[in-house]
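**Student:** Next comes the structure file coords37.tsv, holding TSV, C-alpha atoms and all ligand atoms.
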```
chain	number	residue	atom	x	y	z
A	1	MET	CA	0.00	0.00	0.00
A	2	LYS	CA	1.31	3.47	-0.91
A	3	THR	CA	1.48	6.19	1.73
A	4	CYS	CA	0.83	9.75	0.72
A	5	LEU	CA	1.50	12.93	2.70
A	6	ILE	CA	-1.07	15.57	1.79
A	7	THR	CA	-0.49	19.03	3.21
A	8	GLY	CA	-3.41	21.46	3.47
A	9	GLY	CA	-5.83	18.53	3.35
A	10	CYS	CA	-8.52	20.30	5.42
A	11	GLY	CA	-8.93	22.95	2.73
A	12	PHE	CA	-11.23	22.94	-0.26
A	13	ILE	CA	-9.29	20.95	-2.89
A	14	GLY	CA	-7.13	18.89	-0.52
A	15	SER	CA	-10.14	17.53	1.40
A	16	THR	CA	-11.90	16.62	-1.85
A	17	LEU	CA	-8.81	14.71	-3.01
A	18	ILE	CA	-8.42	12.90	0.35
A	19	ASN	CA	-12.06	11.76	0.33
A	20	ARG	CA	-11.63	10.52	-3.25
A	21	LEU	CA	-8.36	8.66	-2.52
A	22	LEU	CA	-9.75	6.95	0.59
A	23	GLY	CA	-12.87	6.00	-1.39
A	24	ARG	CA	-10.68	4.50	-4.09
A	25	GLY	CA	-8.79	2.40	-1.49
A	26	GLY	CA	-5.27	0.96	-1.46
A	27	ILE	CA	-3.65	4.15	-0.15
A	28	LYS	CA	-2.78	5.49	3.29
A	29	VAL	CA	-3.17	9.27	3.67
A	30	ILE	CA	-1.38	11.46	6.21
A	31	ASN	CA	-3.00	14.89	6.26
A	32	LEU	CA	-0.83	17.69	7.69
A	33	ASP	CA	-2.81	20.90	8.11
A	34	LEU	CA	-2.45	23.87	10.43
A	35	LEU	CA	-6.22	24.50	10.45
A	36	THR	CA	-5.99	28.19	9.64
A	37	TYR	CA	-9.26	30.10	9.10
A	38	ALA	CA	-9.41	28.35	5.68
A	39	GLY	CA	-9.16	24.78	6.96
A	40	ASP	CA	-12.24	22.91	8.17
A	41	ILE	CA	-11.91	19.58	9.94
A	42	ASP	CA	-15.54	18.82	9.06
A	43	ASN	CA	-14.53	18.58	5.40
A	44	LEU	CA	-13.12	15.17	6.35
A	45	GLY	CA	-15.90	13.89	8.60
A	46	GLU	CA	-16.15	10.48	6.93
A	47	ALA	CA	-12.37	10.03	6.72
A	48	GLU	CA	-12.00	10.24	10.53
A	49	SER	CA	-13.12	6.62	11.00
A	50	ASP	CA	-10.98	5.28	8.10
A	51	PRO	CA	-7.99	3.24	9.40
A	52	ASN	CA	-5.97	4.48	6.41
A	53	TYR	CA	-6.35	8.14	7.42
A	54	VAL	CA	-4.13	10.06	9.86
A	55	PHE	CA	-4.50	13.74	10.73
A	56	ALA	CA	-1.66	15.88	12.11
A	57	GLN	CA	-2.38	19.48	13.01
A	58	ALA	CA	0.89	21.23	12.21
A	59	ASP	CA	2.58	24.02	10.28
A	60	ILE	CA	4.41	23.13	7.04
A	61	VAL	CA	7.12	25.60	8.08
A	62	ASP	CA	7.88	23.50	11.19
A	63	THR	CA	10.83	21.31	10.10
A	64	GLU	CA	10.83	19.01	13.14
A	65	THR	CA	7.18	18.07	12.77
A	66	VAL	CA	7.48	17.42	9.03
A	67	GLU	CA	10.60	15.32	9.71
A	68	SER	CA	8.75	13.32	12.38
A	69	ILE	CA	6.09	12.42	9.81
A	70	PHE	CA	8.75	11.04	7.47
A	71	GLU	CA	10.30	9.16	10.44
A	72	ASN	CA	6.98	7.63	11.51
A	73	TYR	CA	5.60	6.78	8.06
A	74	ASP	CA	7.16	5.42	4.90
A	75	ILE	CA	5.99	8.25	2.64
A	76	ASP	CA	5.88	7.51	-1.13
A	77	ALA	CA	4.30	10.72	-2.38
A	78	VAL	CA	3.85	14.29	-1.16
A	79	ILE	CA	1.10	16.51	-2.52
A	80	ASN	CA	1.64	20.03	-1.29
A	81	PHE	CA	-1.67	21.92	-1.20
A	82	ALA	CA	-1.04	23.88	2.02
A	83	ALA	CA	-1.10	27.57	1.23
A	84	GLU	CA	-2.57	30.95	1.91
A	85	THR	CA	-4.86	31.21	-1.09
A	86	HIS	CA	-6.91	34.40	-1.08
A	87	LEU	CA	-5.57	36.99	-3.52
A	88	ASP	CA	-7.10	40.01	-1.73
A	89	ARG	CA	-5.58	38.92	1.58
A	90	SER	CA	-2.18	38.66	-0.15
A	91	VAL	CA	-2.42	42.31	-1.14
A	92	LYS	CA	-3.14	43.32	2.47
A	93	ASN	CA	-0.70	40.94	4.19
A	94	PRO	CA	1.90	39.59	1.74
A	95	VAL	CA	4.44	38.33	4.30
A	96	ILE	CA	2.36	35.37	5.50
A	97	PHE	CA	2.02	34.32	1.85
A	98	GLY	CA	5.82	34.27	1.49
A	99	ARG	CA	6.12	32.38	4.77
A	100	THR	CA	3.62	29.61	4.03
A	101	ASN	CA	3.59	29.37	0.24
A	102	SER	CA	7.32	29.80	-0.41
A	103	ILE	CA	9.23	28.89	2.79
A	104	GLY	CA	6.69	26.24	3.82
A	105	ALA	CA	6.81	24.55	0.41
A	106	LEU	CA	10.63	24.69	0.46
A	107	ASN	CA	10.67	23.16	3.94
A	108	VAL	CA	8.47	20.18	2.99
A	109	LEU	CA	10.44	19.75	-0.26
A	110	ASN	CA	13.74	19.71	1.63
A	111	VAL	CA	12.57	17.26	4.29
A	112	ALA	CA	11.23	14.95	1.54
A	113	LYS	CA	14.55	15.19	-0.31
A	114	ARG	CA	16.53	14.23	2.79
A	115	ALA	CA	14.17	11.35	3.59
A	116	TRP	CA	14.10	9.96	0.05
A	117	GLU	CA	17.73	10.44	-0.97
A	118	GLY	CA	19.97	7.38	-0.61
A	119	LYS	CA	23.30	6.16	-1.97
A	120	GLY	CA	21.66	4.71	-5.08
A	121	GLY	CA	19.50	7.78	-5.78
A	122	PHE	CA	15.97	8.65	-4.69
A	123	LYS	CA	13.48	6.19	-3.19
A	124	LYS	CA	11.88	4.19	-6.01
A	125	GLY	CA	8.49	5.53	-7.10
A	126	ALA	CA	8.66	8.57	-4.79
A	127	VAL	CA	7.28	11.86	-6.09
A	128	PHE	CA	6.75	15.40	-4.78
A	129	ILE	CA	3.76	17.09	-6.43
A	130	GLN	CA	3.51	20.85	-5.98
A	131	ILE	CA	0.01	22.26	-6.48
A	132	SER	CA	0.45	25.56	-8.23
A	133	THR	CA	-1.72	28.04	-10.07
A	134	ASP	CA	-2.09	29.43	-13.59
A	135	GLU	CA	-1.66	32.86	-11.98
A	136	VAL	CA	2.13	32.33	-11.90
A	137	TYR	CA	2.13	32.93	-15.67
A	138	GLY	CA	0.72	36.44	-15.25
A	139	ALA	CA	-2.27	37.66	-17.24
A	140	LEU	CA	-3.13	37.24	-20.92
A	141	GLY	CA	-4.47	39.71	-23.43
A	142	PRO	CA	-7.69	39.00	-25.30
A	143	THR	CA	-6.25	35.96	-27.13
A	144	GLY	CA	-3.80	33.08	-26.54
A	145	LEU	CA	-3.23	30.50	-23.80
A	146	PHE	CA	-0.38	29.79	-21.41
A	147	LEU	CA	1.68	26.69	-22.14
A	148	GLU	CA	3.81	24.80	-19.62
A	149	GLY	CA	6.87	26.39	-21.24
A	150	SER	CA	5.53	29.96	-20.95
A	151	SER	CA	7.66	32.17	-18.75
A	152	ILE	CA	6.40	33.02	-15.30
A	153	ASP	CA	5.39	36.60	-14.62
A	154	PRO	CA	3.45	36.77	-11.33
A	155	ARG	CA	1.38	39.92	-10.76
A	156	SER	CA	0.28	39.62	-7.12
A	157	PRO	CA	1.91	38.68	-3.81
A	158	TYR	CA	-0.15	35.44	-3.93
A	159	SER	CA	1.09	34.43	-7.38
A	160	ALA	CA	4.65	35.59	-6.55
A	161	SER	CA	4.70	33.32	-3.49
A	162	LYS	CA	3.40	30.37	-5.54
A	163	ALA	CA	5.87	31.09	-8.36
A	164	SER	CA	8.71	31.15	-5.86
A	165	ALA	CA	7.73	27.66	-4.63
A	166	ASP	CA	7.58	26.42	-8.24
A	167	VAL	CA	11.09	27.72	-8.88
A	168	PHE	CA	12.44	25.91	-5.79
A	169	VAL	CA	10.69	22.70	-6.86
A	170	GLN	CA	12.20	22.94	-10.35
A	171	ALA	CA	15.62	23.68	-8.85
A	172	TYR	CA	15.43	20.54	-6.66
A	173	GLY	CA	14.50	18.56	-9.79
A	174	SER	CA	17.52	19.81	-11.71
A	175	THR	CA	20.10	20.16	-8.90
A	176	TYR	CA	19.41	16.90	-7.03
A	177	ARG	CA	17.46	15.00	-9.73
A	178	MET	CA	14.65	14.75	-7.19
A	179	PRO	CA	11.41	13.38	-8.74
A	180	VAL	CA	9.12	16.42	-8.69
A	181	VAL	CA	6.03	17.49	-10.63
A	182	ILE	CA	4.30	20.87	-10.76
A	183	ALA	CA	0.54	21.03	-11.44
A	184	ARG	CA	-0.60	24.50	-12.52
A	185	CYS	CA	-4.34	24.68	-12.03
A	186	SER	CA	-6.89	27.17	-13.28
A	187	SER	CA	-9.58	28.67	-11.01
A	188	CYS	CA	-11.45	25.98	-9.14
A	189	TYR	CA	-14.96	25.96	-7.64
A	190	GLY	CA	-17.21	23.41	-5.97
A	191	PRO	CA	-18.63	22.24	-2.64
A	192	LYS	CA	-16.51	23.00	0.48
A	193	GLN	CA	-14.87	26.11	-1.01
A	194	HIS	CA	-14.43	28.91	1.52
A	195	ARG	CA	-17.20	31.51	1.33
A	196	GLU	CA	-14.69	34.33	0.66
A	197	LYS	CA	-13.91	32.95	-2.84
A	198	LEU	CA	-15.66	34.32	-5.92
A	199	VAL	CA	-18.18	31.59	-6.87
A	200	PRO	CA	-19.51	30.92	-3.34
A	201	SER	CA	-19.51	34.62	-2.47
A	202	LEU	CA	-21.58	35.47	-5.56
A	203	ALA	CA	-23.98	32.62	-4.85
A	204	LEU	CA	-24.37	33.65	-1.18
A	205	SER	CA	-24.95	37.28	-2.22
A	206	ALA	CA	-27.69	36.12	-4.59
A	207	LEU	CA	-29.26	33.92	-1.89
A	208	ASP	CA	-29.30	36.97	0.42
A	209	ARG	CA	-30.52	39.25	-2.43
A	210	LYS	CA	-27.41	41.44	-2.00
A	211	PRO	CA	-26.55	43.37	-5.18
A	212	VAL	CA	-23.25	42.65	-6.97
A	213	GLN	CA	-21.10	45.24	-8.81
A	214	VAL	CA	-19.91	44.77	-12.38
A	215	TYR	CA	-17.22	47.24	-13.41
A	216	GLY	CA	-17.28	48.44	-17.02
A	217	GLU	CA	-17.89	45.58	-19.41
A	218	GLY	CA	-16.78	43.00	-16.83
A	219	LEU	CA	-14.54	41.33	-19.39
A	220	GLN	CA	-11.89	39.98	-17.02
A	221	SER	CA	-12.12	36.23	-17.39
A	222	ARG	CA	-11.00	32.94	-15.86
A	223	ASP	CA	-11.15	29.30	-16.82
A	224	TRP	CA	-13.34	27.60	-14.19
A	225	ILE	CA	-12.72	23.96	-13.31
A	226	TYR	CA	-14.97	21.83	-11.09
A	227	VAL	CA	-13.14	20.45	-8.05
A	228	ASP	CA	-13.70	16.75	-8.86
A	229	ASP	CA	-12.30	17.25	-12.36
A	230	LEU	CA	-9.23	18.93	-10.88
A	231	CYS	CA	-8.76	16.10	-8.36
A	232	GLU	CA	-9.11	13.53	-11.14
A	233	ALA	CA	-6.28	15.32	-12.99
A	234	ILE	CA	-4.10	15.22	-9.85
A	235	GLU	CA	-4.85	11.49	-9.49
A	236	ALA	CA	-3.78	10.98	-13.14
A	237	ILE	CA	-0.50	12.76	-12.31
A	238	MET	CA	-0.05	10.59	-9.18
A	239	ASP	CA	-0.70	7.44	-11.21
A	240	SER	CA	1.26	8.13	-14.38
A	241	GLY	CA	2.74	11.65	-14.44
A	242	LYS	CA	6.38	11.94	-15.47
A	243	ALA	CA	8.97	13.29	-13.05
A	244	ASN	CA	10.37	16.76	-13.66
A	245	GLU	CA	7.38	17.85	-15.71
A	246	ILE	CA	4.89	20.68	-15.39
A	247	TYR	CA	1.23	19.93	-16.21
A	248	ASN	CA	-1.36	22.63	-16.82
A	249	ILE	CA	-4.82	21.70	-15.53
A	250	GLY	CA	-7.86	23.59	-16.78
A	251	ALA	CA	-11.36	23.03	-18.12
A	252	ASN	CA	-11.25	25.08	-21.33
A	253	ALA	CA	-14.28	26.87	-19.89
A	254	GLU	CA	-13.45	30.55	-19.84
A	255	ILE	CA	-16.16	32.77	-18.40
A	256	SER	CA	-16.04	36.55	-18.16
A	257	TYR	CA	-16.82	38.16	-14.81
A	258	LYS	CA	-20.00	39.70	-16.18
A	259	ASP	CA	-21.26	36.38	-17.59
A	260	LEU	CA	-20.40	34.63	-14.32
A	261	VAL	CA	-22.37	37.18	-12.28
A	262	TYR	CA	-25.41	36.99	-14.58
A	263	PHE	CA	-25.25	33.18	-14.71
A	264	ILE	CA	-25.08	32.76	-10.92
A	265	ILE	CA	-27.74	35.32	-10.10
A	266	GLY	CA	-29.95	33.90	-12.88
A	267	ARG	CA	-29.57	30.39	-11.43
A	268	VAL	CA	-30.17	31.42	-7.80
A	269	ARG	CA	-32.77	34.16	-8.34
A	270	PRO	CA	-34.21	33.69	-11.85
A	271	GLY	CA	-35.60	36.91	-13.33
A	272	GLU	CA	-33.96	39.16	-10.68
A	273	GLU	CA	-30.69	39.73	-12.55
A	274	ASN	CA	-31.44	43.35	-13.45
A	275	ASP	CA	-32.26	44.23	-9.83
A	276	LEU	CA	-29.24	42.47	-8.36
A	277	VAL	CA	-26.49	43.56	-10.79
A	278	LEU	CA	-25.15	47.09	-10.36
A	279	HIS	CA	-22.99	48.57	-13.13
A	280	SER	CA	-20.08	50.93	-12.35
A	281	PRO	CA	-17.38	52.53	-14.51
A	282	GLU	CA	-14.33	50.38	-15.39
A	283	ARG	CA	-11.57	50.29	-12.75
A	284	ARG	CA	-8.20	51.18	-14.25
A	285	GLY	CA	-5.89	48.25	-14.92
A	286	TYR	CA	-8.51	45.71	-13.97
A	287	TRP	CA	-8.66	43.88	-17.32
A	288	ARG	CA	-7.23	40.41	-16.85
A	289	ARG	CA	-7.56	37.03	-18.51
A	290	PHE	CA	-6.21	33.73	-17.16
A	291	ALA	CA	-6.35	30.53	-19.23
A	292	VAL	CA	-4.07	27.57	-19.86
A	293	ASP	CA	-3.50	25.17	-22.73
A	294	THR	CA	-4.23	21.67	-21.39
A	295	SER	CA	-3.25	19.62	-24.44
A	296	LYS	CA	-0.16	18.17	-22.70
A	297	ILE	CA	-2.05	16.46	-19.86
A	298	THR	CA	-4.73	15.27	-22.30
A	299	LYS	CA	-2.17	13.83	-24.72
A	300	GLU	CA	0.19	12.30	-22.13
A	301	LEU	CA	-2.17	11.21	-19.35
A	302	GLY	CA	-5.51	10.96	-21.21
A	303	TRP	CA	-7.26	13.40	-18.85
A	304	THR	CA	-9.82	16.07	-19.77
A	305	ALA	CA	-12.31	17.97	-17.62
A	306	LYS	CA	-15.84	16.59	-17.89
A	307	THR	CA	-18.17	18.74	-15.79
A	308	PRO	CA	-20.00	21.62	-17.51
A	309	PHE	CA	-20.02	24.79	-15.38
A	310	SER	CA	-23.82	24.66	-15.03
A	311	ASP	CA	-23.73	21.14	-13.50
A	312	GLY	CA	-20.78	21.95	-11.22
A	313	PHE	CA	-22.48	25.15	-10.08
A	314	ASP	CA	-25.75	23.34	-9.26
A	315	ARG	CA	-23.81	20.90	-7.03
A	316	THR	CA	-22.00	23.83	-5.39
A	317	LEU	CA	-25.27	25.69	-4.78
A	318	GLU	CA	-26.90	22.60	-3.31
A	319	TRP	CA	-23.97	22.29	-0.84
A	320	LEU	CA	-24.02	26.03	-0.02
A	321	GLU	CA	-27.75	25.93	0.74
A	322	ARG	CA	-27.23	22.91	3.01
A	323	SER	CA	-24.13	24.24	4.79
A	324	ARG	CA	-24.52	28.01	4.91
A	325	HIS	CA	-25.56	28.04	8.58
A	326	ARG	CA	-22.12	26.71	9.62
A	327	ILE	CA	-19.58	28.01	7.06
B	1	LIG	N1	-8.87	27.16	-5.31
B	1	LIG	C1	-8.37	27.47	-6.50
B	1	LIG	O1	-9.05	28.03	-7.36
B	1	LIG	C2	-6.93	27.12	-6.83
B	1	LIG	C3	-6.50	27.28	-8.15
B	1	LIG	C4	-5.18	26.96	-8.47
B	1	LIG	C5	-4.33	26.49	-7.48
B	1	LIG	N2	-4.76	26.37	-6.21
B	1	LIG	C6	-3.82	25.87	-5.19
B	1	LIG	O2	-4.36	24.69	-4.63
B	1	LIG	C7	-4.01	24.59	-3.25
B	1	LIG	C8	-5.25	24.38	-2.41
B	1	LIG	O3	-6.16	25.46	-2.64
B	1	LIG	P1	-7.54	25.52	-1.84
B	1	LIG	O4	-8.43	26.42	-2.59
B	1	LIG	O5	-7.99	24.16	-1.48
B	1	LIG	O6	-7.05	26.27	-0.51
B	1	LIG	P2	-7.78	26.53	0.86
B	1	LIG	O7	-7.48	27.93	1.25
B	1	LIG	O8	-9.19	26.06	0.82
B	1	LIG	O9	-7.01	25.53	1.86
B	1	LIG	C9	-5.69	25.73	2.26
B	1	LIG	C10	-5.40	24.76	3.41
B	1	LIG	O10	-4.02	24.93	3.78
B	1	LIG	C11	-3.94	24.97	5.20
B	1	LIG	N3	-2.77	25.74	5.59
B	1	LIG	C12	-2.56	27.08	5.41
B	1	LIG	N4	-1.36	27.42	5.92
B	1	LIG	C13	-0.78	26.29	6.39
B	1	LIG	C14	0.45	26.00	7.01
B	1	LIG	N5	1.35	26.96	7.26
B	1	LIG	N6	0.72	24.71	7.36
B	1	LIG	C15	-0.18	23.73	7.12
B	1	LIG	N7	-1.39	23.95	6.55
B	1	LIG	C16	-1.68	25.21	6.19
B	1	LIG	C17	-5.25	25.61	5.66
B	1	LIG	O11	-5.56	25.31	7.00
B	1	LIG	C18	-6.24	25.02	4.65
B	1	LIG	O12	-6.77	23.80	5.13
B	1	LIG	C19	-3.23	25.87	-2.92
B	1	LIG	O13	-1.86	25.58	-2.95
B	1	LIG	C20	-3.61	26.83	-4.03
B	1	LIG	O14	-2.59	27.76	-4.29
B	1	LIG	C21	-6.05	26.66	-5.86
```
Show how you would write the structure in this file as structure tokens.

**Tutor:**
Amino acid sequence: MKTCLITGGCGFIGSTLINRLLGRGGIKVINLDLLTYAGDIDNLGEAESDPNYVFAQADIVDTETVESIFENYDIDAVINFAAETHLDRSVKNPVIFGRTNSIGALNVLNVAKRAWEGKGGFKKGAVFIQISTDEVYGALGPTGLFLEGSSIDPRSPYSASKASADVFVQAYGSTYRMPVVIARCSSCYGPKQHREKLVPSLALSALDRKPVQVYGEGLQSRDWIYVDDLCEAIEAIMDSGKANEIYNIGANAEISYKDLVYFIIGRVRPGEENDLVLHSPERRGYWRRFAVDTSKITKELGWTAKTPFSDGFDRTLEWLERSRHRI
């Protein structure tokens, strides 16, 4: 049986992956999570009783604790999700983003290297998977897509901290020949996402009949991927990804901000769109487009996203309506 260390497993994507892996069977999961405001132990309610699940509340920056996990368990794979993830918070308080997203990732990477490195090379089958974001590439103009070989050009403290981790991971791959993979994911949505993020916050505003602002034409756009599709892509990388590669993960489902707002309000409060959308003049420098080319992961690992945004949103809304009293 393989043993996998998942950091940040009480968050949105990490908890979804852990529940999927335990459901699949044949894998032991060690979840290391600090339980910041973004982590929710209830995301793993069913896992608690699974003998193949272990939870450790700890900080990824804490070397001794991460080392003790490698001493106590024979770890085959690390998937590093743990991060500060809210862009607006990174603008207000960038230092914690550098601490967790850059130094924390480097710390886990370095402990894994020391644990896996032997006289004959690295432990057979071991892999360190860094969960990164398409935001490290910067923003696109109206056309084109980012490829895995595109240069990085982060534009926010959040994306700078994630890019810095990516660069360390690549450096460990080339300096020590450590088996590492970077997954650069587009914007994700689904059940269990923190209410501060765009899709749940728009849905909650619509449920509460709170108006939402659209600036100018609202053309800034993102490629939205449903969380189970993203986790399926990470599983494909765990199963058959090649070491020292970068894989873009996206859904080829770009939606402009304005279309997203109208879609969500129309779904939650049909016919009330014109009352609940407020239009304001364009904010300077706010035009942004993020989208990745996913042909590499499709060609090499046979993965493509399957869930249309409307289906994924309905599942997200159903969860939000059920859980809004406690999130
Ligand atoms: N959500 C998205 O749209 C998206 C898109 C691309 C990439 N990503 C990346 O995927 C990963 C997971 O994103 P998410 O949306 O699930 O995040 P999230 O904010 O929901 O969860 C982050 C988790 O990390 C934990 N954590 C934070 N600091 C920690 C620390 N110092 N030590 C240990 N644990 C710590 C939190 O407690 C939380 O459980 C992140 O690395 C993020 O950059 C997310």

**Student:** Hey, which bits of chain A sit within 7 Å of ligand LIG 1 (chain B), and for each residue what's the closest pair of atoms and how far apart in Å (one decimal), counting all atoms listed in the file, rows by chain and increasing number, as JSON lines?

**Tutor:**
```
{"residue": "A:Thr7", "atom": "CA", "partner": "B:LIG1", "partner_atom": "N7", "distance": 6.0}
{"residue": "A:Gly8", "atom": "CA", "partner": "B:LIG1", "partner_atom": "O10", "distance": 3.5}
{"residue": "A:Gly9", "atom": "CA", "partner": "B:LIG1", "partner_atom": "O12", "distance": 5.6}
{"residue": "A:Cys10", "atom": "CA", "partner": "B:LIG1", "partner_atom": "O12", "distance": 3.9}
{"residue": "A:Gly11", "atom": "CA", "partner": "B:LIG1", "partner_atom": "O9", "distance": 3.3}
{"residue": "A:Phe12", "atom": "CA", "partner": "B:LIG1", "partner_atom": "O5", "distance": 3.7}
{"residue": "A:Ile13", "atom": "CA", "partner": "B:LIG1", "partner_atom": "O5", "distance": 3.7}
{"residue": "A:Gly14", "atom": "CA", "partner": "B:LIG1", "partner_atom": "O5", "distance": 5.4}
{"residue": "A:Leu32", "atom": "CA", "partner": "B:LIG1", "partner_atom": "C15", "distance": 6.1}
{"residue": "A:Asp33", "atom": "CA", "partner": "B:LIG1", "partner_atom": "N7", "distance": 3.7}
{"residue": "A:Leu34", "atom": "CA", "partner": "B:LIG1", "partner_atom": "C15", "distance": 4.0}
{"residue": "A:Leu35", "atom": "CA", "partner": "B:LIG1", "partner_atom": "O11", "distance": 3.6}
{"residue": "A:Thr36", "atom": "CA", "partner": "B:LIG1", "partner_atom": "O11", "distance": 3.9}
{"residue": "A:Tyr37", "atom": "CA", "partner": "B:LIG1", "partner_atom": "O11", "distance": 6.4}
{"residue": "A:Ala38", "atom": "CA", "partner": "B:LIG1", "partner_atom": "C18", "distance": 4.7}
{"residue": "A:Gly39", "atom": "CA", "partner": "B:LIG1", "partner_atom": "O12", "distance": 3.2}
{"residue": "A:Asp40", "atom": "CA", "partner": "B:LIG1", "partner_atom": "O12", "distance": 6.3}
{"residue": "A:Ala58", "atom": "CA", "partner": "B:LIG1", "partner_atom": "C15", "distance": 5.8}
{"residue": "A:Asp59", "atom": "CA", "partner": "B:LIG1", "partner_atom": "N6", "distance": 3.5}
{"residue": "A:Ile60", "atom": "CA", "partner": "B:LIG1", "partner_atom": "N6", "distance": 4.0}
{"residue": "A:Val61", "atom": "CA", "partner": "B:LIG1", "partner_atom": "N5", "distance": 6.0}
{"residue": "A:Asn80", "atom": "CA", "partner": "B:LIG1", "partner_atom": "O13", "distance": 6.8}
{"residue": "A:Phe81", "atom": "CA", "partner": "B:LIG1", "partner_atom": "O13", "distance": 4.1}
{"residue": "A:Ala82", "atom": "CA", "partner": "B:LIG1", "partner_atom": "O10", "distance": 3.6}
{"residue": "A:Ala83", "atom": "CA", "partner": "B:LIG1", "partner_atom": "C12", "distance": 4.5}
{"residue": "A:Glu84", "atom": "CA", "partner": "B:LIG1", "partner_atom": "C12", "distance": 5.2}
{"residue": "A:Thr85", "atom": "CA", "partner": "B:LIG1", "partner_atom": "O7", "distance": 4.8}
{"residue": "A:His86", "atom": "CA", "partner": "B:LIG1", "partner_atom": "O7", "distance": 6.9}
{"residue": "A:Thr100", "atom": "CA", "partner": "B:LIG1", "partner_atom": "N5", "distance": 4.8}
{"residue": "A:Gly104", "atom": "CA", "partner": "B:LIG1", "partner_atom": "N5", "distance": 6.4}
{"residue": "A:Ile131", "atom": "CA", "partner": "B:LIG1", "partner_atom": "O13", "distance": 5.2}
{"residue": "A:Ser132", "atom": "CA", "partner": "B:LIG1", "partner_atom": "C5", "distance": 4.9}
{"residue": "A:Thr133", "atom": "CA", "partner": "B:LIG1", "partner_atom": "C4", "distance": 4.0}
{"residue": "A:Asp134", "atom": "CA", "partner": "B:LIG1", "partner_atom": "C4", "distance": 6.5}
{"residue": "A:Lys162", "atom": "CA", "partner": "B:LIG1", "partner_atom": "O14", "distance": 6.7}
{"residue": "A:Arg184", "atom": "CA", "partner": "B:LIG1", "partner_atom": "C5", "distance": 6.6}
{"residue": "A:Cys185", "atom": "CA", "partner": "B:LIG1", "partner_atom": "C4", "distance": 4.3}
{"residue": "A:Ser186", "atom": "CA", "partner": "B:LIG1", "partner_atom": "C4", "distance": 5.1}
{"residue": "A:Ser187", "atom": "CA", "partner": "B:LIG1", "partner_atom": "O1", "distance": 3.7}
{"residue": "A:Cys188", "atom": "CA", "partner": "B:LIG1", "partner_atom": "O1", "distance": 3.6}
{"residue": "A:Tyr189", "atom": "CA", "partner": "B:LIG1", "partner_atom": "O1", "distance": 6.3}
{"residue": "A:Gln193", "atom": "CA", "partner": "B:LIG1", "partner_atom": "O8", "distance": 6.0}
{"residue": "A:His194", "atom": "CA", "partner": "B:LIG1", "partner_atom": "O8", "distance": 6.0}
```

**Student:** Those same residues - C-alpha atoms - I'd like them written as a CSV table (one decimal), in the coordinates of the input.

**Tutor:**
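What ended up in out07.csv:
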```csv
chain,number,residue,atom,x,y,z
A,7,THR,CA,-0.5,19.0,3.2
A,8,GLY,CA,-3.4,21.5,3.5
A,9,GLY,CA,-5.8,18.5,3.4
A,10,CYS,CA,-8.5,20.3,5.4
A,11,GLY,CA,-8.9,23.0,2.7
A,12,PHE,CA,-11.2,22.9,-0.3
A,13,ILE,CA,-9.3,21.0,-2.9
A,14,GLY,CA,-7.1,18.9,-0.5
A,32,LEU,CA,-0.8,17.7,7.7
A,33,ASP,CA,-2.8,20.9,8.1
A,34,LEU,CA,-2.4,23.9,10.4
A,35,LEU,CA,-6.2,24.5,10.4
A,36,THR,CA,-6.0,28.2,9.6
A,37,TYR,CA,-9.3,30.1,9.1
A,38,ALA,CA,-9.4,28.4,5.7
A,39,GLY,CA,-9.2,24.8,7.0
A,40,ASP,CA,-12.2,22.9,8.2
A,58,ALA,CA,0.9,21.2,12.2
A,59,ASP,CA,2.6,24.0,10.3
A,60,ILE,CA,4.4,23.1,7.0
A,61,VAL,CA,7.1,25.6,8.1
A,80,ASN,CA,1.6,20.0,-1.3
A,81,PHE,CA,-1.7,21.9,-1.2
A,82,ALA,CA,-1.0,23.9,2.0
A,83,ALA,CA,-1.1,27.6,1.2
A,84,GLU,CA,-2.6,31.0,1.9
A,85,THR,CA,-4.9,31.2,-1.1
A,86,HIS,CA,-6.9,34.4,-1.1
A,100,THR,CA,3.6,29.6,4.0
A,104,GLY,CA,6.7,26.2,3.8
A,131,ILE,CA,0.0,22.3,-6.5
A,132,SER,CA,0.4,25.6,-8.2
A,133,THR,CA,-1.7,28.0,-10.1
A,134,ASP,CA,-2.1,29.4,-13.6
A,162,LYS,CA,3.4,30.4,-5.5
A,184,ARG,CA,-0.6,24.5,-12.5
A,185,CYS,CA,-4.3,24.7,-12.0
A,186,SER,CA,-6.9,27.2,-13.3
A,187,SER,CA,-9.6,28.7,-11.0
A,188,CYS,CA,-11.4,26.0,-9.1
A,189,TYR,CA,-15.0,26.0,-7.6
A,193,GLN,CA,-14.9,26.1,-1.0
A,194,HIS,CA,-14.4,28.9,1.5
```

**Student:** Rank A:Gly118, A:Gly45, A:Leu87, A:Gly173 by their smallest atom-to-atom distance to A:Pro154, using all atoms listed in the file, and report the top residue only.

**Tutor:**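 For A:Pro154, the nearest of the given residues is A:Leu87.
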
**Student:** Can you check which parts of stretch 219-273 of chain A lie within 12 Å of stretch 177-180 of chain A? Per residue, the shortest pair of atoms and distance in Å to one decimal, counting all atoms listed in the file, sorted by chain and number, as CSV.

**Tutor:**
```
residue,atom,partner,partner_atom,distance
A:Ile237,CA,A:Val180,CA,10.9
A:Met238,CA,A:Val180,CA,10.9
A:Gly241,CA,A:Val180,CA,9.8
A:Lys242,CA,A:Pro179,CA,8.5
A:Ala243,CA,A:Pro179,CA,5.0
A:Asn244,CA,A:Val180,CA,5.1
A:Glu245,CA,A:Val180,CA,7.4
A:Ile246,CA,A:Val180,CA,9.0
A:Tyr247,CA,A:Val180,CA,11.5
```

**Student:** Could you name the residues that touch stretch 65-73 of chain A at 7 Å or less, counting all atoms listed in the file, but leaving out those on the same chain fewer than 4 positions away, as an NGL selection string?

**Tutor:** :A and (60 or 108 or 111 or 115)
